[in-house]
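A short worksheet on the structure shown next.
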Amino acid sequence: MDFGYPQNLSPEILKLYITQEGVRSPFSSKPTDIPVPNATLQVTGAVGWRREGLVYKKNEVFLDIVESVNLLMSSKGNVLRCDVTGKILMKCFLSGMPDLKLGLNDKIGLEKESQLKSRATKSGKTIELDDVTFHQCVNLTRFNSEKTVSFVPPDGEFELMKYRITEGVNLPFRVLPTIKELGRTRMEVNVKVKSVYGAKMFALGVVIKIPVPKQTAKTSFQVTSGRAKYNAAIDCIVWKIRKFPGQTEPTMSAEVELISTMAEKKSWTRPPIQMEFQVPMFTASGLRVRFLKVWEKSGYNTVDWVRYITKAGSYEIRC
C-alpha cells in the first residue's frame with residue numbers, strides 16, 4: 001500500500017514479499033546476499049501482474065476451454081431455453097516477458113481480420129460471443145482495434161476470459177422421456193438418451209435423474225447401457241453411464257409400483273429430468289482456438305496444449 005491506497009492485489013506478486021523464513025543468526029556461515037524483490041518496481045511497472053527474470057527450462061502454455069450448458073427442453077424435444085457459459089483457463093510456464101496472441105473463430109474477430117488482410121478468410125463455422133469479460137492482462141485497446149486477444153500473461157494459472165453464447169448451441173444430448181400412469185398403483189417409465197456429438201467422442205460420468213412420485217414402493221429396471229437404481233432420498237431413478245460413446249441411443253425402461261393411499265390423490269406434478277455429464281474435446285458453442293502465438297525477444301520455442309471440455313450446468317428435460 002502507498003498512503004493507504006492499495007497498489008497491488010495480485011496474489012502471485014504478493015507471495016514474493018510475504019515470506020515464511022526465519023531470522024538468520026549473525027553467527028551463520030551462509031551468505032546473506034539473497035536479492036530482495038523490489039516491490040516498488042513491481043507496482044510502478046507497466047506489467048504489475050508478472051515479475052521479471054522468470055526462467056523455465058521448458059516453455060509451455062496450457063489452454064482449457066471449459067463450457068457449461070444450461071438447457072430446459074419440453075417432453076417432445078423442443079428447446080424452451082438454452083445458453084452456454086464458458087471460460088478460457090490458462091497455465092503459463094514461460095521465460096522472460098512474452099507477448100501472446102490468441103485467435104478464436106468468433107464472428108467479429110474473423111470479420112476484422114479479413115478487413116485488415118482485405119480478403120475473405122476460410123474460417124468454417126463462426127460464432128457470436130456475448131457478455132465477454134477479460135483478465136486485466138488483456139490489451140483492450142488492441143482488442144477494440146484488431147479484435148484479437150493479445151496479452152502478457154501472469155505466471156502460472158489464471159482465467160483469461162469469460163463469455164456467454166445464446167444462439168447456435170450444439171446440444172450434446174437429446175432426451176426423449178415417456179411416462180405412463182397406469183391406474184393409481186402402477187407407472188411405466190421409458191427414457192431414451194441420444195448422444196449428438198461425433199462417433200469418435202465420448203462423455204464421462206453421465207448421470208440421468210428421472211423423478212418418480214413420493215409414494216413409490218418398488219421399482220424394476222431394464223437398461224441397455226450403464227446401471228440404474230432407485231434413490232428414495234431424492235425420489236428419483238438414478239441412471240449412471242460411466243462412458244457414453246457418440247451417436248448412440250441407450251434406453252431405460254422401468255416399472256414403478258406405488259403405495260395405494262386412502263387419502264384423496266393429488267395429481268403428481270412431474271419435476272424435470274436432470275442430467276450431469278462431461279464431454280472432453282467438444283464445445284457446445286462451437287468455439288475453437290485458431291492460433292496461439294507466443295513472441296519473446298529471445299525467440300525461444302514453446303509447446304502449446306489446448307483442451308476442450310463441456311459440462312452440464314442446469315440441463316433439464318420436462319416429462
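Chain identifiers are assigned as A, B, and so on, following the order in which chains appear in the C-alpha cells; residues are numbered from 1 within each chain, and ligands are numbered from 1 in order of appearance.
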I'd like the neighbourhood of range 147-156 of chain A as a list in words, where a residue qualifies if any of its atoms comes within 6 Å (using only C-alpha atoms), though same-chain residues fewer than 3 positions away should be ignored.
Trp49, Arg50, Lys91, Cys92, Pro98, Asp99, Leu100, Lys101, Leu102, Gly109, Cys137, Val138, Asn139, Phe143 and Asn144 of chain A
Using the selection just defined, write its residues with N, CA, C and O atoms as a PDB file, in the first residue's frame.
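The new file selection_24.pdb reads:
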```pdb
ATOM      1  N   TRP A  49       1.270  -7.586 -12.969  1.00  0.00           N
ATOM      2  CA  TRP A  49       0.848  -8.949 -12.629  1.00  0.00           C
ATOM      3  C   TRP A  49       1.919 -10.000 -12.946  1.00  0.00           C
ATOM      4  O   TRP A  49       1.707 -11.179 -12.751  1.00  0.00           O
ATOM      5  N   ARG A  50       3.076  -9.546 -13.473  1.00  0.00           N
ATOM      6  CA  ARG A  50       4.135 -10.507 -13.819  1.00  0.00           C
ATOM      7  C   ARG A  50       5.490  -9.942 -13.430  1.00  0.00           C
ATOM      8  O   ARG A  50       5.808  -8.811 -13.770  1.00  0.00           O
ATOM      9  N   LYS A  91      -2.605 -21.835 -18.159  1.00  0.00           N
ATOM     10  CA  LYS A  91      -1.489 -22.100 -17.241  1.00  0.00           C
ATOM     11  C   LYS A  91      -0.224 -21.861 -18.053  1.00  0.00           C
ATOM     12  O   LYS A  91       0.011 -22.543 -19.057  1.00  0.00           O
ATOM     13  N   CYS A  92       0.558 -20.861 -17.658  1.00  0.00           N
ATOM     14  CA  CYS A  92       1.737 -20.466 -18.437  1.00  0.00           C
ATOM     15  C   CYS A  92       3.020 -20.703 -17.654  1.00  0.00           C
ATOM     16  O   CYS A  92       3.130 -20.279 -16.501  1.00  0.00           O
ATOM     17  N   PRO A  98       6.903 -12.590 -22.268  1.00  0.00           N
ATOM     18  CA  PRO A  98       6.348 -12.945 -23.580  1.00  0.00           C
ATOM     19  C   PRO A  98       5.075 -12.177 -23.911  1.00  0.00           C
ATOM     20  O   PRO A  98       4.340 -11.755 -23.017  1.00  0.00           O
ATOM     21  N   ASP A  99       4.817 -12.009 -25.201  1.00  0.00           N
ATOM     22  CA  ASP A  99       3.585 -11.383 -25.679  1.00  0.00           C
ATOM     23  C   ASP A  99       2.798 -12.469 -26.414  1.00  0.00           C
ATOM     24  O   ASP A  99       3.289 -13.041 -27.376  1.00  0.00           O
ATOM     25  N   LEU A 100       1.597 -12.752 -25.923  1.00  0.00           N
ATOM     26  CA  LEU A 100       0.787 -13.821 -26.514  1.00  0.00           C
ATOM     27  C   LEU A 100      -0.359 -13.242 -27.322  1.00  0.00           C
ATOM     28  O   LEU A 100      -0.910 -12.190 -26.981  1.00  0.00           O
ATOM     29  N   LYS A 101      -0.726 -13.955 -28.384  1.00  0.00           N
ATOM     30  CA  LYS A 101      -1.821 -13.532 -29.243  1.00  0.00           C
ATOM     31  C   LYS A 101      -2.713 -14.747 -29.483  1.00  0.00           C
ATOM     32  O   LYS A 101      -2.238 -15.785 -29.966  1.00  0.00           O
ATOM     33  N   LEU A 102      -3.996 -14.616 -29.117  1.00  0.00           N
ATOM     34  CA  LEU A 102      -4.928 -15.730 -29.227  1.00  0.00           C
ATOM     35  C   LEU A 102      -5.984 -15.428 -30.283  1.00  0.00           C
ATOM     36  O   LEU A 102      -6.614 -14.374 -30.251  1.00  0.00           O
ATOM     37  N   GLY A 109     -14.070 -11.150 -34.698  1.00  0.00           N
ATOM     38  CA  GLY A 109     -12.623 -11.249 -34.893  1.00  0.00           C
ATOM     39  C   GLY A 109     -12.255 -11.653 -36.303  1.00  0.00           C
ATOM     40  O   GLY A 109     -11.323 -11.109 -36.896  1.00  0.00           O
ATOM     41  N   CYS A 137      -4.826  -8.561 -17.745  1.00  0.00           N
ATOM     42  CA  CYS A 137      -3.621  -8.579 -18.591  1.00  0.00           C
ATOM     43  C   CYS A 137      -3.924  -8.354 -20.070  1.00  0.00           C
ATOM     44  O   CYS A 137      -3.021  -8.053 -20.843  1.00  0.00           O
ATOM     45  N   VAL A 138      -5.194  -8.488 -20.485  1.00  0.00           N
ATOM     46  CA  VAL A 138      -5.533  -8.363 -21.916  1.00  0.00           C
ATOM     47  C   VAL A 138      -5.468  -6.903 -22.350  1.00  0.00           C
ATOM     48  O   VAL A 138      -5.983  -6.010 -21.667  1.00  0.00           O
ATOM     49  N   ASN A 139      -4.843  -6.678 -23.489  1.00  0.00           N
ATOM     50  CA  ASN A 139      -4.716  -5.337 -24.062  1.00  0.00           C
ATOM     51  C   ASN A 139      -6.042  -4.970 -24.739  1.00  0.00           C
ATOM     52  O   ASN A 139      -6.315  -5.396 -25.868  1.00  0.00           O
ATOM     53  N   PHE A 143      -7.631  -5.042 -28.636  1.00  0.00           N
ATOM     54  CA  PHE A 143      -8.834  -5.865 -28.875  1.00  0.00           C
ATOM     55  C   PHE A 143      -9.903  -5.032 -29.602  1.00  0.00           C
ATOM     56  O   PHE A 143     -10.567  -5.526 -30.508  1.00  0.00           O
ATOM     57  N   ASN A 144     -10.064  -3.772 -29.190  1.00  0.00           N
ATOM     58  CA  ASN A 144     -11.063  -2.905 -29.829  1.00  0.00           C
ATOM     59  C   ASN A 144     -10.704  -2.580 -31.277  1.00  0.00           C
ATOM     60  O   ASN A 144     -11.588  -2.462 -32.123  1.00  0.00           O
TER      61      ASN A 144
END
```
Mind checking which residues fall within 8 Å of Glu52 in chain A, counting only C-alpha atoms, ignoring those fewer than 2 positions away in the same chain, and posting them as a PyMOL selection string?
chain A and resi 50+54+96-97
Proximity check range 114-198 of chain A to range 205-228 of chain A, 12 Å, nearest pairs one decimal Å, only C-alpha atoms, as CSV:
```
residue,atom,partner,partner_atom,distance
A:Pro172,CA,A:Val206,CA,11.5
A:Phe173,CA,A:Val206,CA,10.5
A:Arg174,CA,A:Ile208,CA,11.8
A:Val175,CA,A:Ile208,CA,9.6
A:Leu176,CA,A:Ile210,CA,11.6
A:Pro177,CA,A:Ile210,CA,9.1
A:Thr178,CA,A:Ile210,CA,10.9
A:Ile179,CA,A:Val212,CA,9.7
A:Lys180,CA,A:Val212,CA,11.4
A:Glu181,CA,A:Pro213,CA,10.7
A:Arg184,CA,A:Gln215,CA,10.6
A:Thr185,CA,A:Thr216,CA,8.8
A:Arg186,CA,A:Thr216,CA,9.2
A:Met187,CA,A:Val212,CA,9.0
A:Glu188,CA,A:Thr219,CA,9.9
A:Val189,CA,A:Ile210,CA,8.8
A:Asn190,CA,A:Gln222,CA,9.6
A:Val191,CA,A:Ile210,CA,8.6
A:Lys192,CA,A:Val223,CA,10.0
A:Val193,CA,A:Ile208,CA,9.2
A:Ser195,CA,A:Val206,CA,11.0
```
Spatial neighbours of range 242-245 of chain A, 6 Å, only C-alpha atoms, chain gap at least 5 places, as an MDAnalysis selection string
chainID A and resid 202:205
Would you write out those residues with N, CA, C and O atoms, as a PDB file, in the first residue's frame?
```
ATOM      1  N   PHE A 202     -16.634 -39.347 -26.672  1.00  0.00           N
ATOM      2  CA  PHE A 202     -17.430 -39.999 -25.626  1.00  0.00           C
ATOM      3  C   PHE A 202     -17.576 -39.060 -24.431  1.00  0.00           C
ATOM      4  O   PHE A 202     -16.731 -38.199 -24.194  1.00  0.00           O
ATOM      5  N   ALA A 203     -18.678 -39.240 -23.710  1.00  0.00           N
ATOM      6  CA  ALA A 203     -18.921 -38.459 -22.486  1.00  0.00           C
ATOM      7  C   ALA A 203     -18.541 -39.304 -21.282  1.00  0.00           C
ATOM      8  O   ALA A 203     -18.622 -40.536 -21.332  1.00  0.00           O
ATOM      9  N   LEU A 204     -18.154 -38.638 -20.211  1.00  0.00           N
ATOM     10  CA  LEU A 204     -17.769 -39.329 -18.982  1.00  0.00           C
ATOM     11  C   LEU A 204     -18.709 -38.956 -17.842  1.00  0.00           C
ATOM     12  O   LEU A 204     -19.209 -37.840 -17.793  1.00  0.00           O
ATOM     13  N   GLY A 205     -18.905 -39.893 -16.930  1.00  0.00           N
ATOM     14  CA  GLY A 205     -19.693 -39.627 -15.715  1.00  0.00           C
ATOM     15  C   GLY A 205     -21.097 -39.134 -15.980  1.00  0.00           C
ATOM     16  O   GLY A 205     -21.555 -38.181 -15.351  1.00  0.00           O
TER      17      GLY A 205
END
```
Residues within 9 Å of Lys58 in chain A, only C-alpha atoms, excluding chain neighbours under 4 positions, as a CSV table (one decimal) with C-alpha atoms, in the first residue's frame:
```csv
chain,number,residue,atom,x,y,z
A,93,PHE,CA,5.3,-21.5,-17.8
A,94,LEU,CA,7.2,-19.1,-20.0
A,95,SER,CA,10.5,-17.3,-19.5
A,301,ASN,CA,10.2,-22.3,-28.9
A,302,THR,CA,7.1,-23.1,-26.9
A,303,VAL,CA,4.9,-26.1,-26.6
```
Pick from A:Met275, A:Met1, A:Ser260, A:Glu67 nearest to Val238 in chain A, counting only C-alpha atoms:
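Answer, going by the shortest atom-to-atom distance: A:Met275.
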Determine which residues of range 75-313 of chain A receive a DSSP assignment of strand (DSSP E), computed from the backbone, and state them as a PyMOL selection string.
chain A and resi 79-93+99-104+130-134+149-151+156-165+173-182+186-195+202-211+216-223+227-231+236-245+251-258+273-280+289-295+303-313
If you run DSSP over the backbone, which residues in range 56-279 of chain A end up helix (DSSP H, G or I)? Put them as a PyMOL selection string.
chain A and resi 107-117+140-146
Write the residues of the selection above to a file with C-alpha atoms, as a compact mmCIF listing (two decimals), in the first residue's frame.
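Ended up saving to part-v3.txt:
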```txt
# COMPACT_ATOMS: atom_id res chain seq x y z
CA LYS A 107 -17.54 -13.74 -35.93
CA ILE A 108 -16.28 -10.22 -35.08
CA GLY A 109 -12.62 -11.25 -34.89
CA LEU A 110 -12.71 -13.06 -38.24
CA GLU A 111 -14.52 -10.18 -39.97
CA LYS A 112 -11.91 -7.71 -38.66
CA GLU A 113 -9.07 -9.99 -39.79
CA SER A 114 -10.49 -10.26 -43.31
CA GLN A 115 -10.82 -6.42 -43.45
CA LEU A 116 -7.18 -5.95 -42.37
CA LYS A 117 -5.98 -8.51 -44.92
CA LEU A 140 -8.22 -3.85 -24.56
CA THR A 141 -7.02 -1.11 -26.95
CA ARG A 142 -5.70 -3.74 -29.34
CA PHE A 143 -8.83 -5.86 -28.88
CA ASN A 144 -11.06 -2.90 -29.83
CA SER A 145 -8.99 -2.07 -32.93
CA GLU A 146 -7.89 -5.53 -34.17
```
Smallest atom-to-atom distance to Lys194 in chain A: which of A:Ser253, A:Thr166, A:Gln247, A:Ser267, using only C-alpha atoms?
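Residue with the minimum atom-to-atom distance to Lys194 in chain A: A:Gln247.
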